[in-house]
Amino acid sequence: MEAQVSQAQASAASVPARSWSPPPDASDIVKGIHAMLHPHNIVLVGATDKPGNYAERIWNNLVRYGFEGGLYPVNAKRETIWGVPCYKDFASLPEKPDHVLVLVPARFAVQVIRDAAAAGARSATIVTSGFSELQDDESQKLAMELQQAVRETGLAVTGPNCLGNLSAGEKLFTNIDDRIVTMEQGAVAIAGQSGAIVMAIRQALEDRGVGVGYMVTTGNETGLETPDLMRYFAEDPSVKVIVVYLEGVRNTKAFRDACKAARAASKPVIALKLGSSEGGRAAAMAHTGALAGSIETFDAIATREGAIRVGGLDELIETTECFVHAAVPRGDRLAAVTLSGGKRGMLLDAFYAEGLNFAPLSPHVGSELAKMLGPGSIVGNPLDAGFAAVVDPSVYMKSIKLMIDDPDIDIVIVDAEFPKAPHEQRERNLRIVNEMASRAAKPVIYISAMSVGFTEFTKGLRKSLPHLAVMQGMDRAVTAIKSLLSYARLRKEVPDIVSSSKPAARAVLEKALASASGDALDEVASKKLLEAYGIPVSKEGIAQTSAEAVKIAKQIGFPVVAKLVSAEILHKSDIGGVVLNLNSATEVKRAFADITARVNNLRGKPKLDGILIAQQVKADLELVVGASLDAEMGPVVLFGTGGIDIELMKDVALAGAPLDEAEARLLIGRTKAGIKMRGYRGKPALHEASAVKALVGLSNLIADAGDRIASIDVNPFLINAKTGVAVDALIVLNNAAAKRAAGH
């Protein structure tokens with residue numbers, strides 16, 4: 001070990017030239033991450049040889065894999081350690097520190113970061129825990145001090161509470177994992193907050209023969225956050241696929257920008273996102289806030305930017321395998337080859353369940369297959385090559401070649417399992433198909449119907465077939481292929497959309513927010529604000545007396561609706577505060593008296609601000625349109641089936657705000673309500689333009705409000721063939737009163 005380390009230290013001044021470095025105009029974050037993953041030397045502060053401790057594990061890994069820069073342990077109480085000199089402090093090192101591993105107790109970590117920066121270090125990884133992940137006051141105080149030190153020094157820092165990193169091209173493994181790592185530059189880069197999960201992903205990919213070039217555990221993310229790593233991976237040409245594990249998104253703009261950068265570089269981002277939340281309890285006071293949970297919101301925003309969210313670790317591994325080895329297809333015309341009628345049926349069922357179908361075979365391919373295959377085969381798509389192919393394997397290979405060569409097929413799927421042990425014929429056939437795939441401008445994907453596991457032989461064989469995607473488990477394979485098709489349909493760049501609201505509308509917003517005193521705007525104030533943002537609302541007026549109510553009803557024209565107005569009562573229909581189908585002055589007077597009596601009998605005596613008399617619009621469809629401020633992802637808009645069945649139906653779709661008319665139409669088209677609106681089973685099309693106008697207006701309103709509005713709920717938005725109007729509205733504020741009402 002001594003000889004190895006001495007050699008590594010001696011070569012510190014002659015580290016091999018990098019194959020890629022960030023250009024001069026790269027961001028400071030990208031340059032900082034490059035310094036962290038490609039350092040000239042590594043300094044372990046807190047080096048100790050207590051058996052099994054993190055410092056010793058990391059040191060052993062750096063030596064085992066032959067890191068070629070300097071390696072310097074630091075511990076003021078030791079002269080030597082691990083058979084090499086141990087240094088008292090940064091000043092006593094033979095060269096200035098570059099990357100610093102912080103392994104001292106939490107109370108000393110802040111000073112180590114400041115001292116490292118003063119000595120010339122460019123980056124650090126804080127393995128130490130005991131900061132914001134703990135809830136006691138001292139730990140929280142330390143976390144704030146560390147954050148300030150990182151910000152002031154400008155060091156590129158991962159952690160604290162992380163487990164180290166991998167940079168295969170540098171033979172750098174500053175990680176505690178003592179399992180053997182294949183240290184070769186791979187096409188996958190992984191980053192995430194959980195060291196255990198990120199390490200498990202790397203190990204699973206290695207077991208599949210998929211190379212990992214970078215692995216970064218970000219821990220508490222006091223300094224660098226996962227989106228920062230995504231930006232770096234988007235720029236490094238050695239990376240083909242970016243994999244991230246996200247426990248939360250703190251900076252939505254940074255995440256979106258990182259996704260955009262990856263997309264522009266044609267690098268898919270495969271994301272495993274932990275958990276869901278209501279996005280703040282105040283938002284859940286309205287239907288829209290309750291429906292816009294953070295997972296759905298994450299999907300709405302991340303999908304637009306090109307990220308692919310997977311449902312679990314198995315799905316992540318299959319999807320990564322697919323994107324590493326499969327070319328992006330030109331279209332969605334699928335073809336499959338199998339030897340079994342049962343497997344053919346399973347393929348049809350599995351793909352159909354995900355909304356994918358197999359294309360009809362071209363006349364040429366169908367004719368050629370029919371000539372080769374006899375009884376017991378099904379000449380179709382999927383193809384059951386059957387008895388003829390089992391008896392004569394060359395027939396099977398010719399069938400696959402016909403599919404690969406057909407310009408009317410975009411993806412070729414082969415139903416087959418890898419051999420677990422040497423098998424001359426199957427290996428030969430695999431290499432022939434791999435060669436065909438290398439010349440084809442389309443993905444060729446092997447699917448094993450079940451997860452059977454890889455043997456050491458299989459792993460080696462798999463590595464020798466770089467042009468084939470090898471999938472384990474039909475359901476996960478279908479999900480991965482669906483993600484591949486979705487990614488292929490994305491535009492390479494998506495322009496940012498900005499609010500298109502007018503100054504007059506923003507002035508009404510500022511006045512409404514300045515005058516608000518409770519946790520929500522009442523219906524009258526809410527509708528006034530909606531109208532200012534171009535959202536069509538019903539004709540109406542507020543009455544303080546029954547006589548006034550009758551007068552308003554006559555001006556509007558019967559039938560009308562009577563609704564209570566109170567900022568203290570959020571859901572009027574729950575307490576009988578809405579009366580429909582009022583066709584005369586007598587009915588209006590009776591409704592006025594009934595609503596007033598119901599409010600007066602409520603516990604807490606909420607203030608009644610009046611009775612709203614509104615036109616009753618004949619609706620062919622009840623919609624919900626709304627907007628919400630998600631705690632992680634920021635402002636989103638919602639569209640779907642509304643009315644009293646909103647929670648039961650949950651026919652809603654979300655999109656990031658603001659949006660323009662084109663994106664509003666795409667949002668509408670993602671729902672069953674949208675299908676009905678465009679004319680369903682011979683019925684006339686409804687007035688989509690009014691719904692588009694409402695969505696654009698709402699998206700501008702929630703974006704303009706910043707963090708001051710928690711949610712906007714327009715339910716129902718009534719629509720027919722001629723018009724669409726908001727007949728009810730609730731705007732919940734994001735203020736102290738709203739948080740108190742929500743139980744915070």
# chains A, B, ... in the order shown; residues from 1 in each chain; ligands from 1
>>> residues_around(residues="A:Ile569", least_positions_apart="6", cutoff="12 Å", atoms="only C-alpha atoms", output="PyMOL selection string")
chain A and resi 285-286+518-523+563+575-577+599+602-609+730+732+741
>>> write_last_selection(atoms="C-alpha atoms", output="PDB file, in the first residue's frame")
ATOM      1  CA  MET A 285     -58.582  24.264   1.453  1.00  0.00           C
ATOM      2  CA  ALA A 286     -59.716  24.338  -2.181  1.00  0.00           C
ATOM      3  CA  GLY A 518     -58.841  36.980   5.804  1.00  0.00           C
ATOM      4  CA  ASP A 519     -57.556  33.667   4.527  1.00  0.00           C
ATOM      5  CA  ALA A 520     -59.452  33.851   1.226  1.00  0.00           C
ATOM      6  CA  LEU A 521     -61.141  36.306  -1.112  1.00  0.00           C
ATOM      7  CA  ASP A 522     -64.939  36.067  -1.152  1.00  0.00           C
ATOM      8  CA  GLU A 523     -66.715  35.085  -4.357  1.00  0.00           C
ATOM      9  CA  LYS A 563     -75.422  32.038  -3.324  1.00  0.00           C
ATOM     10  CA  ILE A 575     -74.149  24.220   4.231  1.00  0.00           C
ATOM     11  CA  GLY A 576     -76.991  24.827   1.780  1.00  0.00           C
ATOM     12  CA  GLY A 577     -75.659  28.192   0.688  1.00  0.00           C
ATOM     13  CA  VAL A 599     -75.859  31.198   7.991  1.00  0.00           C
ATOM     14  CA  LEU A 602     -74.035  28.237  12.016  1.00  0.00           C
ATOM     15  CA  ARG A 603     -71.687  27.808  14.954  1.00  0.00           C
ATOM     16  CA  GLY A 604     -69.207  30.681  15.210  1.00  0.00           C
ATOM     17  CA  LYS A 605     -71.605  33.135  13.543  1.00  0.00           C
ATOM     18  CA  PRO A 606     -69.643  33.722  10.314  1.00  0.00           C
ATOM     19  CA  LYS A 607     -70.137  37.129   8.730  1.00  0.00           C
ATOM     20  CA  LEU A 608     -72.581  37.194   5.800  1.00  0.00           C
ATOM     21  CA  ASP A 609     -71.531  39.836   3.270  1.00  0.00           C
ATOM     22  CA  LEU A 730     -62.553  30.680  -4.537  1.00  0.00           C
ATOM     23  CA  VAL A 732     -57.219  31.034  -1.095  1.00  0.00           C
ATOM     24  CA  ALA A 741     -57.037  28.390   9.207  1.00  0.00           C
TER      25      ALA A 741
END
>>> residues_around(residues="A:Ala76", least_positions_apart="4", cutoff="8 Å", atoms="only C-alpha atoms", output="number ranges by chain")
A: 87-89
>>> residues_around(residues="A:Gly306", least_positions_apart="4", cutoff="8 Å", atoms="only C-alpha atoms", output="list of chain:residue names")
A:Cys259, A:Lys260, A:Arg263, A:Pro268, A:Val269, A:Ala302, A:Tyr487, A:Leu490
>>> write_last_selection(atoms="C-alpha atoms", output="mmCIF file, in the first residue's frame")
data_model
loop_
_atom_site.group_PDB
_atom_site.id
_atom_site.type_symbol
_atom_site.label_atom_id
_atom_site.label_comp_id
_atom_site.auth_asym_id
_atom_site.auth_seq_id
_atom_site.Cartn_x
_atom_site.Cartn_y
_atom_site.Cartn_z
ATOM 1 C CA CYS A 259 -33.731 19.513 -17.615
ATOM 2 C CA LYS A 260 -33.659 21.967 -20.530
ATOM 3 C CA ARG A 263 -32.729 17.942 -23.393
ATOM 4 C CA PRO A 268 -32.601 11.788 -21.106
ATOM 5 C CA VAL A 269 -33.072 12.526 -17.391
ATOM 6 C CA ALA A 302 -40.815 17.646 -15.383
ATOM 7 C CA TYR A 487 -38.902 11.031 -25.289
ATOM 8 C CA LEU A 490 -40.348 15.712 -27.427
#
>>> atom_distance(atom1="atom CA of A:Ala591", atom2="atom CA of A:His571")
17.6 Å
>>> residues_around(residues="A:Glu632", least_positions_apart="6", cutoff="8 Å", atoms="only C-alpha atoms", output="list of chain:residue names")
A:Gly248, A:Val249, A:Arg250, A:Asn251, A:Thr252, A:Gly279, A:Ser294
>>> write_last_selection(atoms="C-alpha atoms", output="CSV table (one decimal), in the first residue's frame")
chain,number,residue,atom,x,y,z
A,248,GLY,CA,-37.4,17.1,-2.9
A,249,VAL,CA,-36.9,20.0,-5.4
A,250,ARG,CA,-35.8,23.1,-3.6
A,251,ASN,CA,-35.2,25.3,-6.6
A,252,THR,CA,-37.7,24.7,-9.3
A,279,GLY,CA,-48.0,21.2,-1.4
A,294,SER,CA,-46.6,17.3,-5.6
>>> closest_residue(among="A:Ala653, A:Ala389, A:Ile413, A:Leu468", to="A:Ala449", atoms="only C-alpha atoms")
A:Ile413
>>> residues_around(residues="A:Val127", least_positions_apart="2", cutoff="10 Å", atoms="only C-alpha atoms", output="short mmCIF file (atom, residue, chain, number, x, y, z; two decimals) with N, CA and C atoms, in the first residue's frame")
data_model
loop_
_atom_site.label_atom_id
_atom_site.label_comp_id
_atom_site.auth_asym_id
_atom_site.auth_seq_id
_atom_site.Cartn_x
_atom_site.Cartn_y
_atom_site.Cartn_z
N TYR A 54 -15.40 5.29 8.38
CA TYR A 54 -15.57 5.81 7.02
C TYR A 54 -14.25 6.26 6.40
N ALA A 55 -13.42 6.94 7.18
CA ALA A 55 -12.16 7.47 6.64
C ALA A 55 -11.30 6.34 6.07
N LEU A 101 -12.06 16.01 1.76
CA LEU A 101 -13.07 15.15 2.37
C LEU A 101 -13.15 15.49 3.85
N VAL A 102 -14.33 15.92 4.29
CA VAL A 102 -14.51 16.36 5.67
C VAL A 102 -15.10 15.20 6.47
N LEU A 103 -14.29 14.66 7.39
CA LEU A 103 -14.68 13.48 8.17
C LEU A 103 -14.63 13.76 9.67
N VAL A 104 -14.47 15.02 10.05
CA VAL A 104 -14.41 15.39 11.46
C VAL A 104 -15.83 15.51 12.02
N PRO A 105 -15.99 15.52 13.35
CA PRO A 105 -17.33 15.72 13.93
C PRO A 105 -17.95 17.04 13.45
N ALA A 106 -19.28 17.09 13.46
CA ALA A 106 -20.03 18.21 12.87
C ALA A 106 -19.58 19.56 13.43
N ALA A 109 -16.71 20.97 11.41
CA ALA A 109 -16.77 20.95 9.94
C ALA A 109 -16.77 22.34 9.33
N ALA A 124 -15.18 20.29 -1.94
CA ALA A 124 -15.19 19.48 -0.72
C ALA A 124 -16.40 18.56 -0.71
N THR A 125 -16.24 17.43 -0.05
CA THR A 125 -17.35 16.53 0.23
C THR A 125 -17.41 16.35 1.74
N SER A 129 -22.22 13.73 9.39
CA SER A 129 -23.63 14.03 9.63
C SER A 129 -23.76 14.81 10.93
N THR A 158 -20.45 19.03 -1.75
CA THR A 158 -21.55 18.07 -1.60
C THR A 158 -21.64 17.66 -0.14
N GLY A 159 -22.87 17.36 0.30
CA GLY A 159 -23.12 17.01 1.69
C GLY A 159 -23.69 18.20 2.43
N PRO A 160 -23.66 18.12 3.77
CA PRO A 160 -23.13 17.05 4.62
C PRO A 160 -24.04 15.82 4.60
N ASN A 161 -23.67 14.83 5.43
CA ASN A 161 -24.48 13.63 5.56
C ASN A 161 -24.59 12.90 4.23
N CYS A 162 -23.46 12.72 3.56
CA CYS A 162 -23.46 11.98 2.29
C CYS A 162 -22.38 10.90 2.35
N LEU A 163 -22.33 10.06 1.31
CA LEU A 163 -21.45 8.88 1.36
C LEU A 163 -20.38 8.87 0.29
N GLY A 164 -20.11 10.03 -0.33
CA GLY A 164 -19.00 10.12 -1.25
C GLY A 164 -19.38 9.91 -2.71
N THR A 174 -14.43 8.11 -3.68
CA THR A 174 -14.40 8.66 -2.33
C THR A 174 -15.63 8.19 -1.57
N ASN A 175 -15.92 6.90 -1.64
CA ASN A 175 -17.16 6.35 -1.12
C ASN A 175 -16.85 5.29 -0.09
N ILE A 176 -17.81 5.03 0.79
CA ILE A 176 -17.59 4.06 1.87
C ILE A 176 -17.87 2.64 1.42
N THR A 217 -23.26 11.47 -4.38
CA THR A 217 -24.27 11.50 -3.31
C THR A 217 -24.27 12.90 -2.72
N THR A 218 -25.43 13.55 -2.74
CA THR A 218 -25.49 14.97 -2.38
C THR A 218 -25.93 15.23 -0.94
N GLY A 219 -26.46 14.21 -0.25
CA GLY A 219 -26.80 14.37 1.16
C GLY A 219 -27.80 15.47 1.42
#
>>> atom_distance(atom1="atom CA of A:Ala705", atom2="atom CA of A:Val494")
23.8 Å
>>> closest_residue(among="A:Val579, A:Leu272, A:Ala196, A:Val625", to="A:Ala729", atoms="only C-alpha atoms")
A:Val625
>>> select_by_dssp(residues="stretch 358-498 of chain A", states="alpha helix (DSSP H)", output="ChimeraX atom specification")
/A:363-372,386-391,393-405,424-439,456-463,474-489
